[in-house]
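Enquirer: Sharing a structure below in structure tokens format, with a few things to ask.
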Amino acid sequence: MTPSNQNNDLKAKLLADFRSLEERLNGASKTALHQTRREALHQFDRLGFPTIKHEEWKYTNVSSLIKEVFEFNAASQVTADDLVQLESSRLEGNVLYFVNGRYQPELSKIVSPAEQLTITTLDEAIKNTPDLLAQYFAQYADYRQDAFTALNTAFAQEGVFIHVPANTTVEAPTILRFLSDARAVNVASQPRNLFVVEKNAEVKVAESFRTLGDQASFTNVVTEIVLAEDARMEYYKVQNESDMAYHIGTTQVDQKDRSYFYSATVTLDGGFIRNNLNIALDGSECEAHMYGLYFPNGRQHIDNHTLVDHRQPNSHSNELYKGILEDRSTGVFNGKIFVRQAAQKTNAYQSCKNVVLSNDATMNTKPQLEIFADDVKCSHGTTTGKLNEEALFYMRSRGIPKDEAQSLLMYAFAEDVIAKIKIDPLREQIERRIQAKLAR
Amino acid sequence: MLTISNLQASIGSKEILKGINLDVKAGEVHAIMGPNGSGKSTLASVLSGREDYDVTGGSVTFEGKDLLEMAPEERAAEGIFLAFQYPVEIPGVSTTNFLKTAMNEIRKYRGQDPLDAVQFLKLMKEKMKLVNIDQSLLSRSLNEGFSGGEKKRNEIFQMAMLEPKLAILDETDSGLDIDALRIVAEGVNQLRSPERATIVVTHYQRLLDYIVPDYVHVLYKGRIVKSGPKELAFELEEKGYDWIKAEVETV
């Protein structure tokens, strides 16, 4: 059996789904956006789902994902009562809910005035501002190289388009909550987001992913972020999904001169997770900060791939990812830094630290630096170890039981990444969830 | 309070304690002295429950209970405190938070209600004076970046907070200048009471100028080879350990 045959089922279904999507689109299939979808579908067909022979997927085997049968964009009745059960943070800001990929206007609220930002669903943007959208859509996330990005692009329909006009500071944070309602059937969704921050504008956006129910779910999300000159953005991705959840996500960032990007990716729970965070520093004097925290237990698998591409001089990138692995969980960190020949005076730092609590847990780390400029400062380091036994004994000798001492040490280990989350209610919620997970 | 009978312990295949006998009563201060490598720190570690050592024989009872059966945290809750020779740095955990957790875990073990924030702070303020420790130090990560003297003061501060029945000071004088030594010793002395006992493990006599023991024991090659009143410490200071070694070898 050839690798491409193994993923025939889901792939064949998706190719067929695309044909019925086109039928539903009717006249809209002539648009430029739909031509991009078509091209993306063609690329998906050509690429197929990756196997572990693919260098970028060596430790993340999607074979069990493609054996599952999912209902895409399944109908769901999620009410405000269901949301209470999720104990989401009471965030003052723009809150948009999506359930199984579909926007839920009755659960959502937008508080920022229209002059501060335009916030619409992708669906509306396709109808109302197709020309603006076409300037950016699929220009950054590369659907010619990555099968999941190609798949997402081919089916791009639901998601959020945020446009922040020049010289505007959006005070209120925006949080996009993507729920998979897997209470009845296996569900799948492919959110597609685009955030455009114009010159000297500033915005904070968080994406949160949750699951309801015990059936399998598959989220294939792509977010493109475009920062113009002097733009500033804080971006958070928080994953709190079930053990039956598959999540493949790509966040693609493009930065122009003097722009500032600050991100934290926190994965508390989720069965099978792959996060790609790709940043192109396409301007000089940019700053990019990437923080990550992942916390797998049981048989969870969490893979973070990051790529920073220094294309222009005098930019600074800084990365710190931390992981705590329990039970039979597996983690992957792959951090690539490119420094192109033009990118003189680059400063690039990368660090990945892991604590492995069980002999059955595995962490694979791979830093990759490719430097073509000669006047740069780059450093990277990864560590993987156990909890400090001496510290554990010290705490126990003061009366703190072993489990409690371990929790305190783990929390302390994670603390410097947690502290990077600057939206207080979001950070407090994450703190509570981490403490609850540690107390188990 | 504490009865050690024929205690033997090893690390790996190396036998370190070869039959220790010691009886400590409430109100007493015992000094354990001896040359390097004699087993002093091993004794302190075994009493506090460090898992690196295998107890191969003998028994230890603390207030009638089998101490060796207890986990380190149970020993602490029963009232044993070890002041570390090398206090551990724990980034991300403040001394305050750490101590509050420890105190309330011990209280839980004893069936007492936890201290609330106000009670805890009041107690902390009171004990801080004892060792002249600064509030700002306590809100920092536990021992992280502390000087040698600050670490040892922090040990005695923790001891004052936890009010153990039996305190074991493992080489508390090492790395301290004379001023820090005096502060630490004063802290220990203020905690002396008829209900409490202290075991001072030290290589040098100078700490015993400040913490005056009731008994001095000399540990050599894993055994207590000589015991005596506090004057024994002066003799050791004057003559070193060689005469004891010679005495033991001739027996």
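Each chain of the structure tokens is named A, B, ... in the order shown, its residues numbered from 1; ligands are numbered from 1 in display order.
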Pick out the residues sitting within 12 Å of Leu67 in chain B, and hand them over as a PyMOL selection string; count only C-alpha atoms, and ignore anything fewer than 5 positions along from it in its own chain.
Expert: chain B and resi 1-5+7+46-49+55+58-62+72-80
Enquirer: Select all residues from chain A having any atom no more than 6 Å from an atom of chain B (counting only C-alpha atoms, ignoring ligands), output as a short mmCIF file (atom, residue, chain, number, x, y, z; two decimals) with N, CA, C and O atoms, in the first residue's frame.
Expert:
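Dumped to selection.cif:
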```cif
data_model
loop_
_atom_site.label_atom_id
_atom_site.label_comp_id
_atom_site.auth_asym_id
_atom_site.auth_seq_id
_atom_site.Cartn_x
_atom_site.Cartn_y
_atom_site.Cartn_z
N ALA A 391 15.04 19.65 45.55
CA ALA A 391 13.98 20.61 45.89
C ALA A 391 12.77 19.89 46.46
O ALA A 391 12.15 20.35 47.43
N ARG A 396 9.41 18.53 51.16
CA ARG A 396 8.80 17.48 51.99
C ARG A 396 9.31 17.57 53.42
O ARG A 396 8.56 17.35 54.38
N SER A 397 10.59 17.91 53.59
CA SER A 397 11.15 17.98 54.93
C SER A 397 10.54 19.13 55.73
O SER A 397 10.72 19.21 56.93
N ARG A 398 9.81 20.00 55.03
CA ARG A 398 9.10 21.08 55.73
C ARG A 398 7.63 20.75 55.95
O ARG A 398 6.85 21.59 56.38
N GLY A 399 7.25 19.52 55.55
CA GLY A 399 5.89 19.09 55.84
C GLY A 399 4.95 19.09 54.64
O GLY A 399 3.76 18.80 54.79
N ILE A 400 5.47 19.42 53.48
CA ILE A 400 4.60 19.46 52.30
C ILE A 400 4.58 18.07 51.65
O ILE A 400 5.63 17.55 51.27
N PRO A 401 3.40 17.43 51.55
CA PRO A 401 3.35 16.08 50.97
C PRO A 401 3.90 16.05 49.55
O PRO A 401 3.87 17.06 48.83
N ALA A 412 5.64 26.37 39.56
CA ALA A 412 6.75 27.34 39.56
C ALA A 412 7.50 27.29 38.22
O ALA A 412 7.90 28.32 37.67
#
```
Enquirer: In Å, rounded to a single decimal, give me how far CA of Ala150 in chain A is from CA of Gln104 in chain A.
Expert: 25.6 Å
Enquirer: Mind checking which residues fall within 10 Å of Thr383 in chain A, counting only C-alpha atoms, ignoring those fewer than 3 positions away in the same chain, and posting them as a list of chain:residue names?
Expert: A:Lys322, A:Ser351, A:Cys352, A:Lys353, A:Asn354, A:Val355, A:Thr365
Enquirer: Could you pull out the residues in range 24-231 of chain B that DSSP calls alpha helix (DSSP H) from the backbone, as a ChimeraX atom specification?
Expert: /B:40-48,72-78,95-109,117-131,135-139,148-162,178-190,206-210,231
Enquirer: Going by DSSP on the backbone, which residues of range 110-189 of chain A come out as strand (DSSP E or B)? List them as a VMD selection string.
Expert: chain A and resid 118 to 121 160 to 164 169 174 to 181 187 to 189
Enquirer: Would you mind exporting C-alpha atoms of the selected residues as an mmCIF file, in the first residue's frame?
Expert:
```cif
data_model
loop_
_atom_site.group_PDB
_atom_site.id
_atom_site.type_symbol
_atom_site.label_atom_id
_atom_site.label_comp_id
_atom_site.auth_asym_id
_atom_site.auth_seq_id
_atom_site.Cartn_x
_atom_site.Cartn_y
_atom_site.Cartn_z
ATOM 1 C CA THR A 118 -13.866 46.144 11.707
ATOM 2 C CA ILE A 119 -14.690 42.709 12.957
ATOM 3 C CA THR A 120 -16.736 40.455 10.727
ATOM 4 C CA THR A 121 -17.095 36.801 9.968
ATOM 5 C CA VAL A 160 -13.084 35.952 11.579
ATOM 6 C CA PHE A 161 -11.747 38.875 9.626
ATOM 7 C CA ILE A 162 -10.376 41.670 11.791
ATOM 8 C CA HIS A 163 -9.208 44.869 10.218
ATOM 9 C CA VAL A 164 -7.656 47.572 12.401
ATOM 10 C CA THR A 169 -5.373 51.414 19.407
ATOM 11 C CA THR A 174 -10.980 40.250 21.203
ATOM 12 C CA ILE A 175 -11.488 36.625 22.030
ATOM 13 C CA LEU A 176 -12.536 34.058 19.476
ATOM 14 C CA ARG A 177 -13.991 30.975 21.065
ATOM 15 C CA PHE A 178 -14.100 27.886 18.921
ATOM 16 C CA LEU A 179 -16.177 25.100 20.408
ATOM 17 C CA SER A 180 -16.377 21.605 19.075
ATOM 18 C CA ASP A 181 -19.736 20.185 20.112
ATOM 19 C CA VAL A 187 -17.348 16.661 14.348
ATOM 20 C CA ALA A 188 -14.876 18.622 12.283
ATOM 21 C CA SER A 189 -14.403 22.297 11.521
#
```
Enquirer: Which neighbours of Asn347 in chain A fall inside 8 Å, counting only C-alpha atoms, when residues of the same chain fewer than 4 positions from it are skipped, and could you give them as a PyMOL selection string?
Expert: chain A and resi 314-317+376-378
Enquirer: Please report as a Markdown table every residue of range 323-412 of chain A lying within 6 Å of range 286-298 of chain A, along with the nearest atom pair and their distance in Å (one decimal), using only C-alpha atoms.
Expert:
```
| residue | atom | partner | partner_atom | distance |
| --- | --- | --- | --- | --- |
| A:Gly323 | CA | A:Tyr294 | CA | 4.8 |
| A:Ile324 | CA | A:Phe295 | CA | 5.0 |
| A:Leu325 | CA | A:Pro296 | CA | 5.3 |
| A:Glu326 | CA | A:Asn297 | CA | 4.6 |
| A:Asp327 | CA | A:Gly298 | CA | 5.2 |
| A:Arg328 | CA | A:Gly298 | CA | 5.5 |
| A:Ser329 | CA | A:Asn297 | CA | 5.2 |
```
Enquirer: May I have the residues from that selection written out with N, CA, C and O atoms, as a tab-separated table (two decimals), in the first residue's frame?
Expert:
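So selection.tsv came out as:
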```
chain	number	residue	atom	x	y	z
A	323	GLY	N	7.48	22.81	28.64
A	323	GLY	CA	6.54	21.69	28.67
A	323	GLY	C	6.69	20.86	29.93
A	323	GLY	O	7.78	20.71	30.47
A	324	ILE	N	5.56	20.35	30.37
A	324	ILE	CA	5.55	19.38	31.47
A	324	ILE	C	4.82	18.15	30.95
A	324	ILE	O	3.67	18.25	30.49
A	325	LEU	N	5.48	17.01	30.97
A	325	LEU	CA	4.89	15.80	30.38
A	325	LEU	C	4.69	14.73	31.43
A	325	LEU	O	5.62	14.40	32.18
A	326	GLU	N	3.48	14.21	31.47
A	326	GLU	CA	3.17	13.17	32.43
A	326	GLU	C	2.76	11.89	31.71
A	326	GLU	O	2.51	11.88	30.51
A	327	ASP	N	2.63	10.82	32.49
A	327	ASP	CA	2.07	9.54	32.02
A	327	ASP	C	2.75	9.03	30.75
A	327	ASP	O	3.95	8.94	30.69
A	328	ARG	N	1.94	8.74	29.73
A	328	ARG	CA	2.49	8.22	28.47
A	328	ARG	C	2.41	9.28	27.38
A	328	ARG	O	2.33	8.95	26.19
A	329	SER	N	2.40	10.53	27.77
A	329	SER	CA	2.22	11.58	26.78
A	329	SER	C	3.49	11.79	25.96
A	329	SER	O	4.57	11.38	26.35
```
Enquirer: Excluding Gln85 in chain B and any residue of its chain fewer than 5 positions from it, enumerate the residues within 10 Å of it, using only C-alpha atoms, and give them as a PyMOL selection string.
Expert: chain B and resi 41+44+151-152+155+169-175+201-202
Enquirer: Quick one: everything within 8 Å of Gln435 in chain A, counting only C-alpha atoms, minus sequence neighbours fewer than 3 positions away in the same chain. Send it as a PyMOL selection string.
Expert: chain A and resi 407+411+431-432+438-439
Enquirer: Store the residues picked out above in a file with all heavy atoms, as a compact mmCIF listing (two decimals), in the first residue's frame.
Expert:
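The resulting file, part_24.txt, is shown below:
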```txt
# COMPACT_ATOMS: atom_id res chain seq x y z
N SER A 407 3.37 19.50 42.64
CA SER A 407 2.49 20.51 42.01
C SER A 407 3.11 21.90 42.11
O SER A 407 3.11 22.66 41.15
CB SER A 407 1.13 20.55 42.69
OG SER A 407 0.48 19.35 42.51
N TYR A 411 4.16 24.12 38.97
CA TYR A 411 3.56 25.43 38.77
C TYR A 411 4.65 26.51 38.68
O TYR A 411 4.60 27.39 37.82
CB TYR A 411 2.56 25.76 39.89
CG TYR A 411 1.71 26.93 39.52
CD1 TYR A 411 0.61 26.76 38.69
CD2 TYR A 411 2.05 28.22 39.92
CE1 TYR A 411 -0.15 27.84 38.29
CE2 TYR A 411 1.30 29.30 39.52
CZ TYR A 411 0.20 29.10 38.72
OH TYR A 411 -0.54 30.18 38.31
N GLU A 431 -4.48 30.04 34.95
CA GLU A 431 -3.89 29.67 36.25
C GLU A 431 -4.77 28.67 36.99
O GLU A 431 -4.29 27.66 37.49
CB GLU A 431 -3.70 30.92 37.13
CG GLU A 431 -2.51 31.77 36.72
CD GLU A 431 -2.49 33.14 37.42
OE1 GLU A 431 -3.47 33.49 38.11
OE2 GLU A 431 -1.47 33.84 37.25
N ARG A 432 -6.07 28.95 37.00
CA ARG A 432 -6.99 28.04 37.70
C ARG A 432 -6.99 26.66 37.05
O ARG A 432 -6.98 25.64 37.74
CB ARG A 432 -8.41 28.61 37.70
CG ARG A 432 -8.63 29.72 38.70
CD ARG A 432 -10.12 30.00 38.89
NE ARG A 432 -10.79 30.42 37.67
CZ ARG A 432 -10.80 31.68 37.22
NH1 ARG A 432 -10.18 32.63 37.89
NH2 ARG A 432 -11.44 31.99 36.11
N LEU A 438 -2.96 20.16 37.88
CA LEU A 438 -1.88 19.71 38.76
C LEU A 438 -2.42 18.97 39.98
O LEU A 438 -1.78 18.07 40.50
CB LEU A 438 -1.06 20.91 39.24
CG LEU A 438 -0.15 21.55 38.22
CD1 LEU A 438 0.47 22.82 38.79
CD2 LEU A 438 0.95 20.58 37.84
N ALA A 439 -3.59 19.36 40.43
CA ALA A 439 -4.15 18.78 41.66
C ALA A 439 -4.72 17.38 41.42
O ALA A 439 -5.01 16.67 42.37
CB ALA A 439 -5.22 19.70 42.22
```
Enquirer: For range 270-376 of chain A against range 216-220 of chain A, with a cut-off of 12 Å and counting only C-alpha atoms, what is the closest atom pair and its distance in Å to one decimal for every residue that makes the cut, ordered by chain and number, as CSV?
Expert:
```
residue,atom,partner,partner_atom,distance
A:Gly270,CA,A:Ser217,CA,10.2
A:Gly271,CA,A:Ala216,CA,9.4
A:Phe272,CA,A:Phe218,CA,9.3
A:Ile273,CA,A:Thr219,CA,9.5
A:Arg274,CA,A:Asn220,CA,9.6
A:Asn275,CA,A:Asn220,CA,10.1
A:Asn276,CA,A:Asn220,CA,11.4
```
Enquirer: Give me, as a ChimeraX atom specification, all polymer residues having an atom no more than 10 Å from Ala184 in chain A, counting only C-alpha atoms and skipping those fewer than 5 positions away in the same chain.
Expert: /A:74,76,212-216
Enquirer: Ranking B:Leu219, B:Val188, B:Val248, B:Leu166 by minimum distance to Ala26 in chain B and counting only C-alpha atoms, which one comes first?
Expert: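 Closest candidate: B:Leu166.
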